[in-house]
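Only one structure is covered here, and it is reproduced in the block below.
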Amino acid sequence: MTPPQKASYYTPRGGLPPQTALLTDRAVVTEAYTVIPRGVLSDIVTSVFPEWTRTRGWILNRPVAGGSTTFFQAIMEVQPGGGADRPEPQPEVEGFLFVTSGALSVVADGHAQTLTEGGFAYLPAGTAWSARNDADADATFVWIRKRYQPVDGHAPSVRFGNERDIEPSAMPGTDGKWRTTRMLDPQDLAYDMHVNVVTFEPGATIPFAETHVMEHGLLMLEGKAVYHLNGDWVEVQEGDYLSLRAFCPQACYAGGPSNFRYLLYKDVNRQILL
């Protein structure tokens, strides 16, 4: 039997395309979805944040008219010695961190944890937390932020872990070739978002056009696939990003030769307010 592959996590390194490069790329913004190819993540599109030192970020999603409205998502790169004592400027906003390279030291509600590749932290709204890079190499992580929607009788707590330590759940009828690693309990009403790592083995597929109310942020961690989005075929590879609006029809084929894996955000578990 072939031993399981070690999970990999694509991490952007910036730079700038040469003057000889063609302008044509796969970036597109439509009424239903946005595609940000990894080649877009150059030095000149980074942002700096007033709460952070020795840090830059590629903002992938923010609430915007005509786009996804429930979340912020960015790839953050922290140099050695950098970080933030109070990273979150809004007490009503929850956060989720997922490390793709290096090591990030996080302190939340008095609990300290060093997150390495695949490590994550869920940080409830109102949590006092900090993050620093105490290592000798850059630390890169995905930061998801959402305004929390509280529900009486259900309060989330700080959660640390590593996706490599969680047993994935196979999707029914797929013989385990399509599986989901759930980092937050999908049945716990304390959470109003899910963040999962989804894995497809080569040739596996979402065999129907999912059409649902949940918005999605998908960061491709490994491999390649072809997505069917609102009637369009879109080829993606590790490092690409998709932002999908509510009710955007979506399906995919995993292309191989390696597994196709992505980090998935979606909003869940709340009544629609009218």
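Identifiers in this document derive from the order of the structure tokens: chains are assigned A, B, ..., residues are numbered from 1 separately in each chain, and ligands are numbered from 1 in order of occurrence.
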Could you pull out the strand (DSSP E or B) residues of region 75-140 of chain A from DSSP and send them as a ChimeraX atom specification?
/A:75-84,93-101,104-108,111-115,119-123,129-132,139-140
Find the residues around Lys224 (chain A) up to 6 Å (only C-alpha atoms counted), leave out those fewer than 3 positions away in its own chain, and share them as a compact mmCIF listing (two decimals) with N, CA, C and O atoms, in the first residue's frame.
```txt
# COMPACT_ATOMS: atom_id res chain seq x y z
N VAL A 236 -8.07 25.85 -11.68
CA VAL A 236 -7.39 26.40 -10.51
C VAL A 236 -6.22 25.49 -10.13
O VAL A 236 -6.19 24.30 -10.46
N GLN A 237 -5.25 26.07 -9.42
CA GLN A 237 -4.10 25.34 -8.93
C GLN A 237 -3.75 25.85 -7.54
O GLN A 237 -4.31 26.85 -7.07
N GLY A 255 -7.79 17.24 -10.68
CA GLY A 255 -7.03 16.94 -11.88
C GLY A 255 -5.83 16.02 -11.70
O GLY A 255 -5.37 15.44 -12.67
N PHE A 260 -5.86 17.09 -4.51
CA PHE A 260 -6.31 18.47 -4.60
C PHE A 260 -6.89 18.83 -3.24
O PHE A 260 -7.80 18.15 -2.75
```
Using only C-alpha atoms, pick whichever of A:Gly161, A:Pro156, A:Pro150, A:Pro63 has the shortest atom-to-atom distance to Glu215 (chain A).
A:Pro63
So, with only C-alpha atoms as the atoms that count, which of A:Val226, A:Ile272, A:Ala125, A:Met220 lies closest to Arg38 (chain A)?
A:Met220
Excluding Pro202 (chain A) and its own-chain neighbours fewer than 4 positions away, which residues fall within 7 Å of it when counting only C-alpha atoms? Please give them as a list of chain:residue names.
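Those residues are A:Ala254, A:Gly255, A:Gly256, A:Pro257, A:Ser258, A:Asn259.
Near Leu244 (chain A), within 10 Å and counting only C-alpha atoms, sit Thr30, Glu31, Ala32, Tyr33, Thr34, Val35, Gly67, Ser68, Met214, Glu215, His216, Gly217, Leu218, Leu229, Asn230, Cys248, Pro249, Gln250 and Lys266 of chain A, not including residues fewer than 4 positions from it in the same chain.
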Let's have the selection written as a compact mmCIF listing (two decimals), in the first residue's frame, with all heavy atoms.
```txt
# COMPACT_ATOMS: atom_id res chain seq x y z
N THR A 30 -16.89 38.28 -11.30
CA THR A 30 -18.22 38.20 -11.88
C THR A 30 -19.26 38.48 -10.80
O THR A 30 -18.93 38.65 -9.63
CB THR A 30 -18.49 36.80 -12.49
OG1 THR A 30 -18.76 35.88 -11.42
CG2 THR A 30 -17.30 36.31 -13.31
N GLU A 31 -20.52 38.47 -11.20
CA GLU A 31 -21.60 38.69 -10.22
C GLU A 31 -21.73 37.54 -9.24
O GLU A 31 -22.31 37.70 -8.17
CB GLU A 31 -22.93 38.87 -10.94
CG GLU A 31 -23.37 37.65 -11.74
CD GLU A 31 -24.69 37.83 -12.45
OE1 GLU A 31 -25.24 38.92 -12.40
OE2 GLU A 31 -25.16 36.84 -13.05
N ALA A 32 -21.18 36.37 -9.59
CA ALA A 32 -21.35 35.19 -8.74
C ALA A 32 -20.07 34.74 -8.04
O ALA A 32 -20.15 34.09 -7.00
CB ALA A 32 -21.88 34.02 -9.59
N TYR A 33 -18.90 35.08 -8.58
CA TYR A 33 -17.66 34.58 -8.01
C TYR A 33 -16.49 35.47 -8.43
O TYR A 33 -16.56 36.23 -9.40
CB TYR A 33 -17.39 33.14 -8.43
CG TYR A 33 -17.17 32.95 -9.93
CD1 TYR A 33 -15.91 33.07 -10.48
CD2 TYR A 33 -18.23 32.65 -10.77
CE1 TYR A 33 -15.70 32.91 -11.84
CE2 TYR A 33 -18.04 32.49 -12.13
CZ TYR A 33 -16.76 32.62 -12.67
OH TYR A 33 -16.57 32.47 -14.02
N THR A 34 -15.38 35.33 -7.68
CA THR A 34 -14.11 36.00 -7.99
C THR A 34 -13.01 34.96 -8.01
O THR A 34 -12.97 34.07 -7.15
CB THR A 34 -13.79 37.07 -6.94
OG1 THR A 34 -14.75 38.12 -7.00
CG2 THR A 34 -12.40 37.67 -7.16
N VAL A 35 -12.12 35.05 -8.99
CA VAL A 35 -10.93 34.20 -9.07
C VAL A 35 -9.70 35.10 -8.91
O VAL A 35 -9.52 36.04 -9.68
CB VAL A 35 -10.85 33.44 -10.40
CG1 VAL A 35 -9.59 32.57 -10.43
CG2 VAL A 35 -12.09 32.62 -10.65
N GLY A 67 -20.27 41.47 -3.94
CA GLY A 67 -19.39 40.37 -3.62
C GLY A 67 -19.82 39.66 -2.36
O GLY A 67 -20.91 39.87 -1.84
N SER A 68 -18.94 38.79 -1.85
CA SER A 68 -19.21 38.12 -0.58
C SER A 68 -19.19 39.15 0.55
O SER A 68 -18.34 40.04 0.58
CB SER A 68 -18.16 37.04 -0.33
OG SER A 68 -18.23 36.04 -1.33
N MET A 214 -24.71 29.52 1.76
CA MET A 214 -23.42 29.82 2.38
C MET A 214 -22.45 30.45 1.38
O MET A 214 -22.26 29.95 0.28
CB MET A 214 -22.79 28.55 2.95
CG MET A 214 -23.49 28.01 4.18
SD MET A 214 -24.86 26.92 3.75
CE MET A 214 -23.98 25.43 3.37
N GLU A 215 -21.85 31.56 1.80
CA GLU A 215 -20.74 32.12 1.04
C GLU A 215 -19.49 31.26 1.29
O GLU A 215 -19.37 30.62 2.34
CB GLU A 215 -20.46 33.56 1.46
CG GLU A 215 -21.58 34.52 1.12
CD GLU A 215 -21.24 35.95 1.45
OE1 GLU A 215 -20.38 36.20 2.32
OE2 GLU A 215 -21.86 36.84 0.85
N HIS A 216 -18.57 31.29 0.34
CA HIS A 216 -17.35 30.49 0.46
C HIS A 216 -16.12 31.35 0.19
O HIS A 216 -16.13 32.21 -0.71
CB HIS A 216 -17.33 29.35 -0.56
CG HIS A 216 -18.12 28.14 -0.17
ND1 HIS A 216 -18.66 27.96 1.08
CD2 HIS A 216 -18.45 27.02 -0.87
CE1 HIS A 216 -19.29 26.80 1.13
NE2 HIS A 216 -19.18 26.20 -0.05
N GLY A 217 -15.06 31.06 0.94
CA GLY A 217 -13.71 31.46 0.58
C GLY A 217 -12.89 30.21 0.46
O GLY A 217 -12.80 29.43 1.42
N LEU A 218 -12.29 29.95 -0.71
CA LEU A 218 -11.53 28.74 -0.95
C LEU A 218 -10.10 29.11 -1.35
O LEU A 218 -9.88 29.72 -2.40
CB LEU A 218 -12.14 27.89 -2.08
CG LEU A 218 -13.47 27.19 -1.83
CD1 LEU A 218 -14.63 28.13 -2.10
CD2 LEU A 218 -13.61 25.99 -2.74
N LEU A 229 -18.40 26.98 -12.13
CA LEU A 229 -18.94 28.06 -11.32
C LEU A 229 -19.96 28.86 -12.12
O LEU A 229 -19.61 29.51 -13.11
CB LEU A 229 -17.81 29.00 -10.84
CG LEU A 229 -16.69 28.35 -10.03
CD1 LEU A 229 -15.59 29.36 -9.78
CD2 LEU A 229 -17.23 27.81 -8.70
N ASN A 230 -21.20 28.78 -11.71
CA ASN A 230 -22.27 29.55 -12.35
C ASN A 230 -22.27 29.38 -13.87
O ASN A 230 -22.47 30.34 -14.63
CB ASN A 230 -22.15 31.04 -11.99
CG ASN A 230 -23.44 31.79 -12.20
OD1 ASN A 230 -24.53 31.24 -12.03
ND2 ASN A 230 -23.34 33.05 -12.59
N CYS A 248 -24.05 30.71 -5.48
CA CYS A 248 -23.26 30.48 -6.69
C CYS A 248 -23.17 28.97 -6.93
O CYS A 248 -22.62 28.24 -6.11
CB CYS A 248 -21.85 31.05 -6.54
SG CYS A 248 -20.75 30.64 -7.92
N PRO A 249 -23.70 28.45 -8.06
CA PRO A 249 -23.57 27.01 -8.34
C PRO A 249 -22.09 26.63 -8.47
O PRO A 249 -21.31 27.34 -9.11
CB PRO A 249 -24.30 26.84 -9.68
CG PRO A 249 -25.20 28.03 -9.78
CD PRO A 249 -24.46 29.15 -9.11
N GLN A 250 -21.71 25.50 -7.85
CA GLN A 250 -20.28 25.14 -7.79
C GLN A 250 -20.11 23.63 -7.81
O GLN A 250 -20.84 22.89 -7.13
CB GLN A 250 -19.65 25.72 -6.53
CG GLN A 250 -20.36 25.30 -5.27
CD GLN A 250 -20.01 26.15 -4.07
OE1 GLN A 250 -19.08 25.82 -3.34
NE2 GLN A 250 -20.74 27.23 -3.88
N LYS A 266 -16.98 28.98 5.34
CA LYS A 266 -18.38 29.21 5.01
C LYS A 266 -19.13 29.68 6.25
O LYS A 266 -18.78 29.33 7.39
CB LYS A 266 -19.05 27.98 4.41
CG LYS A 266 -19.06 26.74 5.29
CD LYS A 266 -19.74 25.59 4.53
CE LYS A 266 -19.70 24.29 5.33
NZ LYS A 266 -20.35 23.18 4.59
```
Best match for closeness to His212 (chain A) among A:Arg26, A:Arg245, A:His194, A:Arg270, counting only C-alpha atoms
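Using only C-alpha atoms, His212 (chain A) sits closest to A:Arg245.
Between CA of Leu115 (chain A) and CA of Ala103 (chain A) the interatomic distance comes to 5.5 Å.
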Tell me, as a PyMOL selection string, which residues lie within 8 Å of region 142-149 of chain A, counting only C-alpha atoms; anything in the same chain fewer than 5 positions away does not count.
chain A and resi 70-76+92-100+125+192+270
My list of candidates is A:Gly126, A:Asp138, A:Val48, A:Thr55. Which is closest to Pro80 (chain A) when distances are computed with only C-alpha atoms?
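Closest to Pro80 (chain A) of all the choices is A:Asp138.
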At a cut-off of 8 Å, using only C-alpha atoms, what residues contact Trp178 (chain A)? Leave out same-chain residues fewer than 6 positions from it and give the result as an MDAnalysis selection string.
chainID A and resid 170:171 198:201 204:205
Give the answer as one residue: which of A:Val28, A:Met183, A:Ala65, A:Leu274 has the shortest atom-to-atom distance to Asn196 (chain A), using only C-alpha atoms?
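Ranked by minimum distance to Asn196 (chain A), first place goes to A:Met183.
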Figure out the distance between CA of Leu263 (chain A) and CA of Ala135 (chain A), please, to one decimal in Å.
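Taking CA of Ala135 (chain A) and CA of Leu263 (chain A), their separation equals 24.6 Å.
Computed from the coordinates, the CA of Pro50 (chain A) to CA of Thr116 (chain A) distance equals 24.7 Å.
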Shell of 9 Å around Ala7 (chain A), only C-alpha atoms, local chain residues under 3 positions omitted, as a PyMOL selection string
chain A and resi 4+118+164+221-222+261
Any chance you could export the current selection's C-alpha atoms as a CSV table (one decimal), in the first residue's frame?
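New file result.csv:
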```csv
chain,number,residue,atom,x,y,z
A,4,PRO,CA,0.0,8.6,2.8
A,118,GLY,CA,-1.4,23.0,9.5
A,164,ARG,CA,-3.1,16.8,10.6
A,221,LEU,CA,-3.4,24.4,-0.7
A,222,GLU,CA,-2.2,21.7,-3.0
A,261,ARG,CA,-6.8,20.2,-1.2
```
